[in-house]
Structure formats: structure tokens, C-alpha cells
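File shown: target.cif. Contents: mmCIF, C-alpha atoms and all ligand atoms.
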data_structure
loop_
_atom_site.label_atom_id
_atom_site.label_comp_id
_atom_site.auth_asym_id
_atom_site.auth_seq_id
_atom_site.Cartn_x
_atom_site.Cartn_y
_atom_site.Cartn_z
CA MET A 159 136.40 129.58 137.30
CA ASN A 160 137.75 127.55 134.37
CA VAL A 161 140.30 124.96 135.44
CA LEU A 162 142.51 123.10 132.97
CA VAL A 163 143.09 119.59 134.30
CA ILE A 164 146.23 117.88 132.99
CA ASN A 165 147.13 114.21 133.35
CA CYS A 166 150.51 113.42 131.77
CA GLY A 167 151.68 109.90 131.00
CA SER A 168 155.08 109.02 129.59
CA SER A 169 153.91 109.48 125.98
CA SER A 170 150.43 110.89 126.45
CA LEU A 171 148.61 113.84 127.95
CA LYS A 172 144.91 113.84 128.84
CA TYR A 173 143.19 117.14 129.46
CA GLN A 174 139.84 118.69 130.33
CA VAL A 175 138.67 122.25 130.84
CA ILE A 176 136.06 122.39 133.58
CA ASP A 177 133.94 125.36 134.55
CA THR A 178 134.00 124.78 138.28
CA ASP A 179 130.95 126.99 138.97
CA SER A 180 128.64 124.80 136.87
CA GLU A 181 130.99 121.77 137.06
CA GLN A 182 130.50 121.35 133.30
CA VAL A 183 133.24 120.09 131.00
CA LEU A 184 133.86 122.73 128.32
CA ALA A 185 136.36 120.72 126.29
CA LYS A 186 138.44 117.58 126.63
CA GLY A 187 140.80 115.32 124.78
CA LEU A 188 144.26 113.86 124.70
CA CYS A 189 147.65 114.00 123.03
CA GLU A 190 149.05 110.63 122.05
CA ARG A 191 152.37 109.35 120.76
CA ILE A 192 154.35 112.24 122.26
CA GLY A 193 158.03 111.78 121.37
CA ILE A 194 157.09 109.33 118.59
CA ASP A 195 155.08 111.37 116.07
CA GLY A 196 152.11 113.04 117.72
CA ARG A 197 148.31 113.19 117.60
CA LEU A 198 145.93 115.67 119.20
CA VAL A 199 142.36 114.66 119.96
CA TYR A 200 140.21 117.66 120.85
CA GLN A 201 136.51 117.90 121.55
CA LYS A 202 134.55 120.96 122.53
CA THR A 203 131.45 119.83 124.43
CA GLY A 204 128.56 119.53 121.98
CA LEU A 205 130.78 119.29 118.89
CA ASP A 206 132.42 116.35 117.13
CA LYS A 207 135.91 115.13 118.03
CA GLU A 208 138.74 116.63 115.97
CA ILE A 209 141.88 114.62 115.34
CA THR A 210 145.06 116.36 114.22
CA ASP A 211 148.33 114.58 113.49
CA ALA A 212 151.27 116.89 114.19
CA PRO A 213 154.81 116.47 115.48
CA MET A 214 155.07 116.47 119.28
CA PRO A 215 158.70 115.81 120.14
CA THR A 216 158.06 116.68 123.81
CA HIS A 217 155.19 117.41 126.20
CA LYS A 218 155.81 121.12 125.65
CA GLU A 219 154.61 120.96 122.03
CA ALA A 220 151.67 118.83 123.22
CA VAL A 221 150.60 121.43 125.82
CA SER A 222 151.12 124.17 123.25
CA MET A 223 148.80 122.42 120.77
CA VAL A 224 146.16 121.88 123.45
CA LEU A 225 146.22 125.59 124.33
CA GLU A 226 145.96 126.57 120.66
CA ALA A 227 142.98 124.24 120.19
CA LEU A 228 141.27 125.67 123.27
CA VAL A 229 141.32 129.21 121.81
CA ASN A 230 140.82 128.24 118.15
CA GLU A 231 138.48 130.79 116.51
CA LYS A 232 136.01 128.20 115.22
CA THR A 233 135.98 125.36 117.70
CA GLY A 234 137.78 126.74 120.76
CA ALA A 235 135.99 126.44 124.09
CA LEU A 236 137.61 129.69 125.30
CA LYS A 237 138.04 133.15 123.77
CA SER A 238 141.48 133.60 125.26
CA LEU A 239 143.83 131.82 127.61
CA SER A 240 143.17 134.49 130.24
CA GLU A 241 139.92 132.56 130.82
CA VAL A 242 141.93 129.73 132.39
CA GLY A 243 142.00 130.58 136.08
CA ALA A 244 144.19 127.70 137.20
CA VAL A 245 145.71 124.39 136.16
CA GLY A 246 145.31 121.17 138.17
CA HIS A 247 147.96 118.53 137.54
CA ARG A 248 147.57 114.87 138.41
CA VAL A 249 150.80 113.67 140.00
CA VAL A 250 151.14 109.93 140.49
CA HIS A 251 153.53 109.58 143.44
CA GLY A 252 153.83 112.02 146.31
CA GLY A 253 155.68 109.61 148.61
CA GLU A 254 155.29 110.50 152.28
CA LYS A 255 155.92 114.17 151.53
CA PHE A 256 152.51 114.98 150.13
CA THR A 257 149.57 114.17 152.33
CA GLU A 258 147.31 116.52 150.39
CA SER A 259 147.16 118.56 147.21
CA CYS A 260 149.29 121.69 147.10
CA LEU A 261 150.10 124.81 145.11
CA ILE A 262 153.01 124.12 142.78
CA THR A 263 156.20 126.05 143.53
CA ASP A 264 159.85 125.41 142.70
CA GLU A 265 160.22 123.64 146.07
CA VAL A 266 157.22 121.40 145.33
CA ILE A 267 158.68 120.40 141.96
CA LYS A 268 161.95 119.52 143.70
CA ALA A 269 160.10 117.42 146.27
CA VAL A 270 158.15 115.61 143.50
CA GLU A 271 161.46 114.92 141.75
CA GLU A 272 162.69 113.32 144.94
CA CYS A 273 159.81 110.82 144.61
CA ASN A 274 160.86 109.87 141.04
CA ASP A 275 162.49 106.66 142.24
CA LEU A 276 159.12 105.47 143.50
CA ALA A 277 157.36 106.04 140.14
CA PRO A 278 160.08 106.19 137.49
CA LEU A 279 157.67 106.00 134.56
CA HIS A 280 155.06 108.45 135.80
CA ASN A 281 156.53 111.21 137.97
CA PRO A 282 159.07 112.47 135.41
CA ALA A 283 156.25 112.77 132.84
CA ASN A 284 154.10 114.64 135.37
CA ILE A 285 156.95 117.09 136.03
CA ILE A 286 157.55 117.65 132.31
CA GLY A 287 153.84 118.50 131.95
CA ILE A 288 153.98 120.90 134.90
CA ASN A 289 157.08 122.65 133.56
CA ALA A 290 155.58 122.94 130.08
CA CYS A 291 152.43 124.57 131.48
CA ARG A 292 154.43 126.93 133.71
CA GLU A 293 156.44 128.07 130.70
CA LEU A 294 153.46 128.51 128.40
CA MET A 295 151.07 129.96 130.99
CA PRO A 296 153.24 132.10 133.25
CA GLY A 297 151.44 133.56 136.24
CA VAL A 298 148.57 131.02 136.15
CA PRO A 299 148.37 129.23 139.52
CA MET A 300 148.98 125.49 139.35
CA VAL A 301 148.05 122.77 141.80
CA GLY A 302 149.43 119.23 142.15
CA VAL A 303 146.91 116.52 143.10
CA PHE A 304 148.61 113.29 144.16
CA ASP A 305 147.34 109.75 143.54
CA THR A 306 148.93 108.65 146.80
CA ALA A 307 147.86 111.52 149.09
CA PHE A 308 144.44 110.18 150.17
CA HIS A 309 146.05 106.98 151.50
CA GLN A 310 148.57 108.79 153.70
CA THR A 311 146.12 108.37 156.60
CA MET A 312 146.82 104.60 156.68
CA PRO A 313 148.28 103.47 160.01
CA ALA A 314 151.77 101.95 160.07
CA LYS A 315 150.36 98.46 160.71
CA ALA A 316 148.64 98.69 157.31
CA TYR A 317 151.39 100.32 155.27
CA MET A 318 154.53 98.57 156.54
CA TYR A 319 155.80 95.44 154.80
CA GLY A 320 157.14 92.46 156.73
CA ILE A 321 160.73 93.09 155.63
CA PRO A 322 163.67 94.57 157.58
CA TYR A 323 162.73 98.00 158.99
CA ASP A 324 165.92 99.44 157.50
CA TYR A 325 164.34 99.38 154.03
CA TYR A 326 161.70 101.77 155.29
CA ASP A 327 164.22 103.94 157.13
CA LYS A 328 166.65 104.13 154.25
CA TYR A 329 164.48 103.94 151.14
CA LYS A 330 160.90 104.51 152.35
CA VAL A 331 159.82 101.07 151.10
CA ARG A 332 156.19 100.76 152.21
CA LYS A 333 152.64 100.58 150.86
CA TYR A 334 151.51 103.94 149.41
CA GLY A 335 148.40 103.05 147.42
CA PHE A 336 147.13 104.75 144.26
CA HIS A 337 143.87 105.90 142.65
CA GLY A 338 143.59 108.15 145.74
CA THR A 339 141.68 110.89 143.92
CA SER A 340 139.10 108.34 142.84
CA HIS A 341 138.80 106.63 146.27
CA SER A 342 138.46 110.05 147.92
CA TYR A 343 135.85 111.33 145.44
CA VAL A 344 133.76 108.15 145.44
CA SER A 345 133.81 107.65 149.22
CA LYS A 346 132.56 111.22 149.70
CA ARG A 347 130.05 111.11 146.87
CA VAL A 348 128.41 107.90 148.10
CA CYS A 349 127.72 109.55 151.46
CA GLU A 350 126.12 112.55 149.73
CA TYR A 351 124.13 110.24 147.46
CA ALA A 352 122.92 107.97 150.27
CA GLY A 353 122.52 110.69 152.90
CA LEU A 354 125.13 109.13 155.22
CA ASP A 355 127.25 110.95 157.81
CA ILE A 356 130.75 110.41 156.43
CA THR A 357 132.36 110.72 159.86
CA LYS A 358 130.43 107.65 161.02
CA THR A 359 130.50 105.56 157.84
CA LYS A 360 132.65 102.54 156.96
CA THR A 361 132.92 102.27 153.19
CA ILE A 362 134.75 99.84 150.93
CA VAL A 363 135.48 101.34 147.51
CA CYS A 364 136.14 98.89 144.67
CA HIS A 365 137.82 100.87 141.87
CA LEU A 366 137.77 98.26 139.11
CA GLY A 367 139.26 99.46 135.82
CA ASN A 368 142.21 98.46 133.73
CA GLY A 369 144.15 99.20 136.90
CA SER A 370 142.14 98.09 139.93
CA SER A 371 142.36 98.80 143.63
CA ILE A 372 140.21 98.58 146.74
CA SER A 373 140.24 100.83 149.77
CA ALA A 374 138.81 100.72 153.27
CA VAL A 375 137.56 104.19 154.19
CA ASP A 376 136.59 104.70 157.82
CA GLY A 377 135.09 108.06 158.79
CA GLY A 378 136.24 109.58 155.48
CA LYS A 379 139.85 108.43 155.92
CA SER A 380 141.64 105.69 154.00
CA ILE A 381 142.86 103.10 156.50
CA ASP A 382 144.00 100.46 154.01
CA THR A 383 144.25 99.95 150.27
CA SER A 384 145.28 97.14 147.96
CA MET A 385 147.97 98.74 145.78
CA GLY A 386 151.40 99.07 147.35
CA LEU A 387 154.80 100.65 146.79
CA THR A 388 153.77 100.49 143.14
CA PRO A 389 150.42 99.75 141.47
CA LEU A 390 151.38 96.09 141.00
CA GLU A 391 150.13 94.83 144.38
CA GLY A 392 146.62 93.71 145.22
CA LEU A 393 143.89 92.77 142.77
CA ILE A 394 144.37 90.89 139.53
CA MET A 395 144.17 93.62 136.89
CA GLY A 396 144.03 93.99 133.10
CA THR A 397 147.70 93.08 132.62
CA ARG A 398 149.11 93.25 136.19
CA CYS A 399 149.34 90.14 138.34
CA GLY A 400 148.42 91.67 141.73
CA ASP A 401 149.41 89.70 144.86
CA ILE A 402 151.72 86.77 144.21
CA ASP A 403 154.44 84.93 146.10
CA PRO A 404 157.56 87.13 145.51
CA SER A 405 159.50 83.93 144.80
CA VAL A 406 157.68 83.69 141.47
CA VAL A 407 159.96 86.48 140.23
CA GLU A 408 163.10 84.43 140.84
CA PHE A 409 161.47 81.24 139.58
CA ILE A 410 160.31 82.56 136.19
CA ALA A 411 163.51 84.57 135.77
CA ASN A 412 165.57 81.39 136.19
CA LYS A 413 163.34 79.29 133.96
CA ASP A 414 163.02 81.83 131.13
CA ASN A 415 166.46 83.37 131.50
CA LEU A 416 165.10 86.82 132.32
CA ASP A 417 166.70 89.61 134.33
CA ILE A 418 164.70 91.42 137.03
CA ALA A 419 163.41 94.02 134.57
CA GLY A 420 162.29 91.23 132.21
CA ALA A 421 160.46 89.37 134.97
CA MET A 422 158.82 92.59 136.20
CA ASN A 423 157.72 93.32 132.65
CA VAL A 424 155.89 89.97 132.61
CA LEU A 425 154.16 90.77 135.92
CA ASN A 426 153.19 94.31 134.90
CA LYS A 427 152.36 93.98 131.23
CA LYS A 428 151.74 90.34 130.35
CA SER A 429 149.83 89.06 133.34
CA GLY A 430 146.41 89.77 134.86
CA VAL A 431 143.24 88.69 133.08
CA ASP A 432 144.99 89.25 129.76
CA GLY A 433 147.81 86.84 130.59
CA ILE A 434 145.51 84.25 132.16
CA SER A 435 142.93 84.20 129.39
CA GLY A 436 145.21 84.85 126.43
CA VAL A 437 142.18 86.71 125.07
CA SER A 438 142.22 90.35 126.18
CA SER A 439 142.47 92.71 129.14
CA ASP A 440 139.06 94.11 128.23
CA PHE A 441 136.20 92.57 130.19
CA ARG A 442 133.78 92.86 127.29
CA ASP A 443 136.05 90.55 125.27
CA LEU A 444 136.43 88.20 128.24
CA TRP A 445 132.67 87.78 128.70
CA ALA A 446 132.20 87.24 124.95
CA ALA A 447 134.92 84.55 124.95
CA ALA A 448 133.56 82.93 128.13
CA ASP A 449 130.06 82.85 126.61
CA ASN A 450 131.60 81.02 123.65
CA GLY A 451 133.00 78.38 125.96
CA ASN A 452 136.56 79.69 126.40
CA GLU A 453 137.61 78.08 129.71
CA LYS A 454 140.60 80.35 130.29
CA ALA A 455 138.45 83.47 129.88
CA LYS A 456 136.00 81.97 132.40
CA LEU A 457 138.87 81.25 134.77
CA ALA A 458 140.21 84.82 134.43
CA LEU A 459 136.77 86.24 135.30
CA ASP A 460 136.43 83.83 138.25
CA MET A 461 139.88 84.70 139.57
CA PHE A 462 139.30 88.45 139.23
CA CYS A 463 135.98 88.36 141.11
CA TYR A 464 137.26 85.95 143.77
CA ARG A 465 140.20 88.24 144.54
CA VAL A 466 137.91 91.28 144.81
CA ALA A 467 135.59 89.42 147.19
CA LYS A 468 138.54 88.27 149.33
CA TYR A 469 139.81 91.86 149.64
CA VAL A 470 136.35 93.10 150.58
CA GLY A 471 136.24 90.44 153.30
CA SER A 472 139.64 91.46 154.62
CA TYR A 473 138.63 95.13 154.73
CA VAL A 474 135.49 94.27 156.67
CA ALA A 475 137.92 92.79 159.21
CA ALA A 476 140.25 95.81 158.96
CA MET A 477 137.38 98.18 159.87
CA ASN A 478 135.57 95.68 162.10
CA GLY A 479 132.46 96.24 160.01
CA VAL A 480 131.17 97.86 156.86
CA ASP A 481 128.17 100.06 156.06
CA ASP A 482 128.43 100.28 152.31
CA ILE A 483 130.35 98.85 149.37
CA VAL A 484 130.81 100.94 146.24
CA PHE A 485 131.76 99.89 142.72
CA THR A 486 133.43 102.39 140.40
CA ALA A 487 135.68 102.80 137.29
CA GLY A 488 135.27 101.11 133.87
CA ILE A 489 134.43 97.61 135.11
CA GLY A 490 132.84 98.60 138.42
CA GLU A 491 130.49 101.06 136.73
CA ASN A 492 129.59 99.02 133.68
CA ASP A 493 130.00 95.32 134.32
CA ALA A 494 126.91 93.98 136.11
CA GLY A 495 128.20 90.41 135.72
CA VAL A 496 131.40 91.14 137.67
CA ARG A 497 129.43 92.93 140.41
CA GLU A 498 127.05 89.98 140.69
CA LYS A 499 129.88 87.44 140.89
CA VAL A 500 131.72 89.46 143.56
CA LEU A 501 128.58 89.91 145.64
CA GLU A 502 127.71 86.19 145.46
CA ASN A 503 130.63 85.61 147.84
CA LEU A 504 129.44 88.26 150.29
CA THR A 505 125.98 87.03 151.24
CA TYR A 506 127.43 86.17 154.69
CA LEU A 507 127.45 89.94 155.31
CA GLY A 508 123.68 89.97 154.85
CA ILE A 509 123.93 91.55 151.41
CA THR A 510 120.97 91.06 149.10
CA VAL A 511 121.40 92.28 145.54
CA ASP A 512 118.55 93.91 143.64
CA LYS A 513 119.23 91.90 140.48
CA ALA A 514 117.07 94.00 138.16
CA LYS A 515 118.70 97.20 139.43
CA ASN A 516 122.20 95.71 139.13
CA ASP A 517 121.53 94.47 135.59
CA ALA A 518 120.20 97.87 134.55
CA THR A 519 123.04 99.94 135.99
CA HIS A 520 125.75 100.93 133.50
CA GLY A 521 127.68 104.07 134.26
CA ASP A 522 125.16 105.84 136.47
CA GLU A 523 124.75 106.37 140.18
CA ALA A 524 122.54 103.70 141.71
CA LYS A 525 121.87 101.59 144.77
CA ILE A 526 122.04 97.97 143.64
CA SER A 527 121.18 96.26 146.94
CA THR A 528 117.65 95.75 148.23
CA ASP A 529 116.29 98.03 150.98
CA ASP A 530 116.55 95.21 153.55
CA SER A 531 120.19 94.37 152.66
CA LYS A 532 122.32 94.63 155.83
CA VAL A 533 125.12 96.32 153.88
CA ALA A 534 124.17 98.76 151.13
CA VAL A 535 125.86 98.40 147.73
CA TYR A 536 126.17 101.27 145.28
CA VAL A 537 127.56 102.10 141.87
CA ILE A 538 129.11 105.57 141.83
CA PRO A 539 130.91 106.67 138.64
CA THR A 540 134.29 108.11 139.46
CA ASN A 541 135.29 111.53 138.17
CA GLU A 542 138.98 112.13 138.83
CA GLU A 543 139.12 115.23 136.62
CA LEU A 544 136.28 116.92 138.50
CA ALA A 545 137.90 115.98 141.81
CA ILE A 546 141.20 117.53 140.62
CA ALA A 547 139.38 120.69 139.45
CA ARG A 548 137.60 121.00 142.83
CA GLU A 549 140.88 120.54 144.76
CA THR A 550 142.52 123.13 142.52
CA VAL A 551 139.87 125.76 143.17
CA ALA A 552 139.86 125.01 146.89
CA LEU A 553 143.60 125.61 147.06
CA ILE A 554 143.82 128.84 145.12
P1 LIG B 601 139.16 102.29 133.24
O1 LIG B 601 140.61 101.92 133.46
O2 LIG B 601 138.47 102.72 134.50
O3 LIG B 601 138.98 103.27 132.10
O4 LIG B 601 138.43 100.94 132.80
C1 LIG B 601 138.70 100.35 131.55
C2 LIG B 601 138.18 98.94 131.53
O5 LIG B 601 136.78 98.93 131.86
C3 LIG B 601 138.23 98.29 130.15
O6 LIG B 601 139.47 97.69 129.92
C4 LIG B 601 137.14 97.26 130.23
O7 LIG B 601 137.67 96.07 130.76
C5 LIG B 601 136.16 97.82 131.23
N1 LIG B 601 134.90 98.26 130.63
C6 LIG B 601 134.64 99.44 130.06
N2 LIG B 601 133.36 99.48 129.62
C7 LIG B 601 132.82 98.28 129.91
C8 LIG B 601 131.54 97.67 129.70
N3 LIG B 601 130.54 98.32 129.12
N4 LIG B 601 131.36 96.41 130.16
C9 LIG B 601 132.36 95.74 130.77
N5 LIG B 601 133.59 96.27 130.99
C10 LIG B 601 133.81 97.50 130.56
#
So that I can check it, write out the structure of this file as C-alpha cells.
Amino acid sequence: MNVLVINCGSSSLKYQVIDTDSEQVLAKGLCERIGIDGRLVYQKTGLDKEITDAPMPTHKEAVSMVLEALVNEKTGALKSLSEVGAVGHRVVHGGEKFTESCLITDEVIKAVEECNDLAPLHNPANIIGINACRELMPGVPMVGVFDTAFHQTMPAKAYMYGIPYDYYDKYKVRKYGFHGTSHSYVSKRVCEYAGLDITKTKTIVCHLGNGSSISAVDGGKSIDTSMGLTPLEGLIMGTRCGDIDPSVVEFIANKDNLDIAGAMNVLNKKSGVDGISGVSSDFRDLWAAADNGNEKAKLALDMFCYRVAKYVGSYVAAMNGVDDIVFTAGIGENDAGVREKVLENLTYLGITVDKAKNDATHGDEAKISTDDSKVAVYVIPTNEELAIARETVALI
């Protein structure tokens, strides 16, 4: 079956068409600058990328252009839209309501809307994308796959914050975690790859990308993860600060005369390795600057890796052990230097890195620890679109 996978941001829409029998991508691309002017990037597998500038006042025009491109006589990946068997939508926040993916109905859309408070930038965009697809592809089954769902197995001791219980009762303030589709996919895939019994395996997944998070997966279930109520908690990221003393918010707001939104903007958009180094949020730029003697870029890299190693250590404690550690996402898959620096702090676990293997691994599946390493370390590229397509087919 062909599944159209849709991932809507506030002004963007990423898409892929996946043939779920062969698990091949037939076409992919994105719409950018929705509501500003509009640009469609479309690529049929095997052909060059096509870029078309065209007005996209809303996500509806964006979806409409994607569908037209998919059935274009010359470069379309499909002959007609009837070849799309289902649509899988990434939905960022499912709150406590969604513990797994589900078929989209009017009731589901209402329940997702009720989670809007928890992800005010993302959920409304996801719903607009869902509604646009329902209007333009009536009768095609649609599935919502939630970033938070995989982490709903966390126990209360992991997801509750040390603040008055009333905030949980009244407003559901708690840790939810994100990147769930990736943590779920990678924790399963590593067991297939390494021939492990998932029900008996303790895995730590390090999803290190522009947004980064770590999860502790015990017996296939997430029991803790580093992101929280929002994606701001946990690791130091591209532009997000990760864990800090909450008093910093008040302190910088007072000093710089900022309101709460202004201070939060600093923590979300101007912090992380970008804010520390003053160079870039991209790790390739950071390494280049560090190699040229830029001390702040070096510090940003040190801080990032130190925080990852500390989280790994804490998740070993959370699971009372670990069998394997997995690196994934842009940095985790490609950046051998970051992996090496993180693992330098974990030799106490009996980890020995296969340096040649680590250095040679960029974007492919590999074991990067030696055979006698007490804990195995892997690189497993994430594939959130494929995971969404699989969930979609399973549900319909
Ligand atoms: P993601 O959010 O998973 O797409 O990851 C994006 C980030 O991965 C970029 O901002 C870079 O910091 C990092 N990245 C991508 N490719 C490489 C590479 N070849 N080497 C180091 N870092 C990379």
C-alpha cells in the first residue's frame, strides 16, 4: 500500500510517499514559507529535485500542491490519487489521551485540539494539515502518530515534577517526552539488528539532532526520557538550553527587562550550542571552529557531550543496568567525534569503542563497540517517516 506521510510545522509541511510493501520511498519533499509566500520542493525517487515558488496562504494550498505534484504527468510518482491507500500524520502532542497511534475521526481531532495548550506552536499546525488532507482526500483513512505516545509507559515517579500536585491535577503539568516515534523505531530496530530479545533488553537511545533527547527503554517500553512538558528540558540542543535552574528565567528577565515570553524565547531559540559558541547550531561548523582554536566552540562541544554522558549514567541507574546504547539522528548518526567524546566518560561501564569502526560510521547501521565491550554500542539511523507509515498500515 502507498502511504502519504505528512509532518506539518507552523509554516512548513514535510511529506513522503512510501510503498509499505517494499518500504521504498516513491517521492518526498517539503512545502516551506506557508502563509508567507510559498515554495514546493518535490522529488520523485531517482529524479532531480524540483523547486516551485507558488502562493501558499494556508496548509490547504500546500497539501493541494503536493497532491498535484504526486500525480503530475511527467514527474509524478503516482498515476492517480486513488493509489494513496492512507495518510499518516505526525502529531506532536497527544497529552495523556493518546498512548498509541489511532485512526483519525472527528472525536480524535477534538481530543488533539484539547492538547493545544501543551504544544501551542505545533498541534494547531498538525490539525490544519489533517483537516486539509481530509477535505482534499475524502474517504482516505488517516492515522495520527503522536511524538509523545511512546513515552506514556513512564511510571509516575519519572514523569511527575517536584511541584504542587495540584498543577498535575488541574493542568496536567508533567513530563511527556518527545521524539517518541524515533525512540520507538530505533529501540526496536537495534534489537532486530543485534539479534536481541527486546523483552529482556535495556537500551538507552541517544537521539542527537538539532533537537536532542535520550530515553531509557526497558523491555521495549520507555521508562524515562529527557524532554519534558515541552521539548526544552534535558540535553543541551542546537538552540535550546536543556536543563537549567528555573530561577535563570527570572534572573535574565529582570536583568534584560524581558517578559516571560521574551525570556523563554532566549532559552528556546538563542541558547544551546549556538548561544554558547556564538558560531552555529550545526555541529559541522562547531568542529571547524574548534579546530581553528575557537574556545567557545570547544566549550559548546564539551558541554553537549558531558550532558549526554551524564544522562546516560542516570538512565543506567534508572534501569539498574544497560545492555546497549544507541546513537541516532543527524549528530548521533554522523558525528563520530561526539560519539567518541560521550563514550570517553562511560568506560566505567566496561565500554570499549572500536575506534576505526566509529570513525568510519556515518549514517549507516553499525556496531561501534568491540566484541568484548561489556555494553554494546550501536549507530542506528532513525526513520520516523517509515515508522509512521508502518503504524498507519497496522491501524487500517
Ligand atoms: P536532525 O535534527 O536529526 O536533522 O539533525 C540535524 C543536525 O545534525 C545538524 O544541525 C547538524 O548539527 C548535525 N549533522 C548533520 N550532518 C552532520 C555531519 N555529517 N556531521 C556532524 N553533524 C551533522
Could you give me the centre and size, in Å to one decimal, of an axis-aligned box around all listed atoms of ligand LIG 601 (chain B) with 4 Å added on every side, as AutoDock Vina command-line options?
--center_x 135.6 --center_y 99.5 --center_z 131.8 --size_x 18.1 --size_y 15.5 --size_z 13.4
Q: Could you jot down the CA of Ile483 (chain A) to CA of Tyr464 (chain A) separation for me, Å, one decimal place?
A: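 We find that CA of Ile483 (chain A) and CA of Tyr464 (chain A) lie 15.7 Å from each other.
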**Q.** Within 12 Å of Val303 (chain A) using all atoms listed in the file, minus same-chain residues under 2 positions, as a ChimeraX atom specification
**A.** /A:163-165,245-252,256-262,266,270,284,288,300-301,305-308,336-340,342,542-553
Q: Enumerate residues in contact with ligand LIG 601 (chain B): an atom-to-atom distance of at most 10 Å, counting all atoms listed in the file. Format the result as a ChimeraX atom specification.
A: /A:365-370,395-397,431,438-445,486-496,520-521,539-540
Go ahead and write the residues just picked, C-alpha atoms, as a PDB file, in the frame of the given file.
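Full text of result03.pdb as output:
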ATOM      1  CA  HIS A 365     137.820 100.870 141.870  1.00  0.00           C
ATOM      2  CA  LEU A 366     137.770  98.260 139.110  1.00  0.00           C
ATOM      3  CA  GLY A 367     139.260  99.460 135.820  1.00  0.00           C
ATOM      4  CA  ASN A 368     142.210  98.460 133.730  1.00  0.00           C
ATOM      5  CA  GLY A 369     144.150  99.200 136.900  1.00  0.00           C
ATOM      6  CA  SER A 370     142.140  98.090 139.930  1.00  0.00           C
ATOM      7  CA  MET A 395     144.170  93.620 136.890  1.00  0.00           C
ATOM      8  CA  GLY A 396     144.030  93.990 133.100  1.00  0.00           C
ATOM      9  CA  THR A 397     147.700  93.080 132.620  1.00  0.00           C
ATOM     10  CA  VAL A 431     143.240  88.690 133.080  1.00  0.00           C
ATOM     11  CA  SER A 438     142.220  90.350 126.180  1.00  0.00           C
ATOM     12  CA  SER A 439     142.470  92.710 129.140  1.00  0.00           C
ATOM     13  CA  ASP A 440     139.060  94.110 128.230  1.00  0.00           C
ATOM     14  CA  PHE A 441     136.200  92.570 130.190  1.00  0.00           C
ATOM     15  CA  ARG A 442     133.780  92.860 127.290  1.00  0.00           C
ATOM     16  CA  ASP A 443     136.050  90.550 125.270  1.00  0.00           C
ATOM     17  CA  LEU A 444     136.430  88.200 128.240  1.00  0.00           C
ATOM     18  CA  TRP A 445     132.670  87.780 128.700  1.00  0.00           C
ATOM     19  CA  THR A 486     133.430 102.390 140.400  1.00  0.00           C
ATOM     20  CA  ALA A 487     135.680 102.800 137.290  1.00  0.00           C
ATOM     21  CA  GLY A 488     135.270 101.110 133.870  1.00  0.00           C
ATOM     22  CA  ILE A 489     134.430  97.610 135.110  1.00  0.00           C
ATOM     23  CA  GLY A 490     132.840  98.600 138.420  1.00  0.00           C
ATOM     24  CA  GLU A 491     130.490 101.060 136.730  1.00  0.00           C
ATOM     25  CA  ASN A 492     129.590  99.020 133.680  1.00  0.00           C
ATOM     26  CA  ASP A 493     130.000  95.320 134.320  1.00  0.00           C
ATOM     27  CA  ALA A 494     126.910  93.980 136.110  1.00  0.00           C
ATOM     28  CA  GLY A 495     128.200  90.410 135.720  1.00  0.00           C
ATOM     29  CA  VAL A 496     131.400  91.140 137.670  1.00  0.00           C
ATOM     30  CA  HIS A 520     125.750 100.930 133.500  1.00  0.00           C
ATOM     31  CA  GLY A 521     127.680 104.070 134.260  1.00  0.00           C
ATOM     32  CA  PRO A 539     130.910 106.670 138.640  1.00  0.00           C
ATOM     33  CA  THR A 540     134.290 108.110 139.460  1.00  0.00           C
TER      34      THR A 540
END
Residues near region 176-188 of chain A, anyone? I mean within 8 Å using all atoms listed in the file, not counting same-chain ones fewer than 4 positions away, as a PDB file with C-alpha atoms, in the coordinates of the input.
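Just written: out-v3.pdb:
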ATOM      1  CA  MET A 159     136.400 129.580 137.300  1.00  0.00           C
ATOM      2  CA  ASN A 160     137.750 127.550 134.370  1.00  0.00           C
ATOM      3  CA  VAL A 161     140.300 124.960 135.440  1.00  0.00           C
ATOM      4  CA  LEU A 162     142.510 123.100 132.970  1.00  0.00           C
ATOM      5  CA  VAL A 163     143.090 119.590 134.300  1.00  0.00           C
ATOM      6  CA  SER A 170     150.430 110.890 126.450  1.00  0.00           C
ATOM      7  CA  LEU A 171     148.610 113.840 127.950  1.00  0.00           C
ATOM      8  CA  LYS A 172     144.910 113.840 128.840  1.00  0.00           C
ATOM      9  CA  LEU A 198     145.930 115.670 119.200  1.00  0.00           C
ATOM     10  CA  VAL A 199     142.360 114.660 119.960  1.00  0.00           C
ATOM     11  CA  TYR A 200     140.210 117.660 120.850  1.00  0.00           C
ATOM     12  CA  GLN A 201     136.510 117.900 121.550  1.00  0.00           C
ATOM     13  CA  LYS A 202     134.550 120.960 122.530  1.00  0.00           C
ATOM     14  CA  THR A 203     131.450 119.830 124.430  1.00  0.00           C
ATOM     15  CA  LEU A 228     141.270 125.670 123.270  1.00  0.00           C
ATOM     16  CA  ALA A 235     135.990 126.440 124.090  1.00  0.00           C
ATOM     17  CA  LEU A 544     136.280 116.920 138.500  1.00  0.00           C
ATOM     18  CA  ALA A 547     139.380 120.690 139.450  1.00  0.00           C
ATOM     19  CA  ARG A 548     137.600 121.000 142.830  1.00  0.00           C
ATOM     20  CA  VAL A 551     139.870 125.760 143.170  1.00  0.00           C
TER      21      VAL A 551
END
Q) Quick one: residues within 12 Å of region 503-505 of chain A, only C-alpha atoms counted, chain neighbours fewer than 2 positions away excluded, as a PyMOL selection string? A) chain A and resi 460+463-472+474+480+483+496-501+507-511+527+531-535
Q: May I ask for the distance between CA of Asp481 (chain A) and CA of Glu502 (chain A), given in Å to one decimal place?
A: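 Between CA of Asp481 (chain A) and CA of Glu502 (chain A) the gap works out to 17.5 Å.
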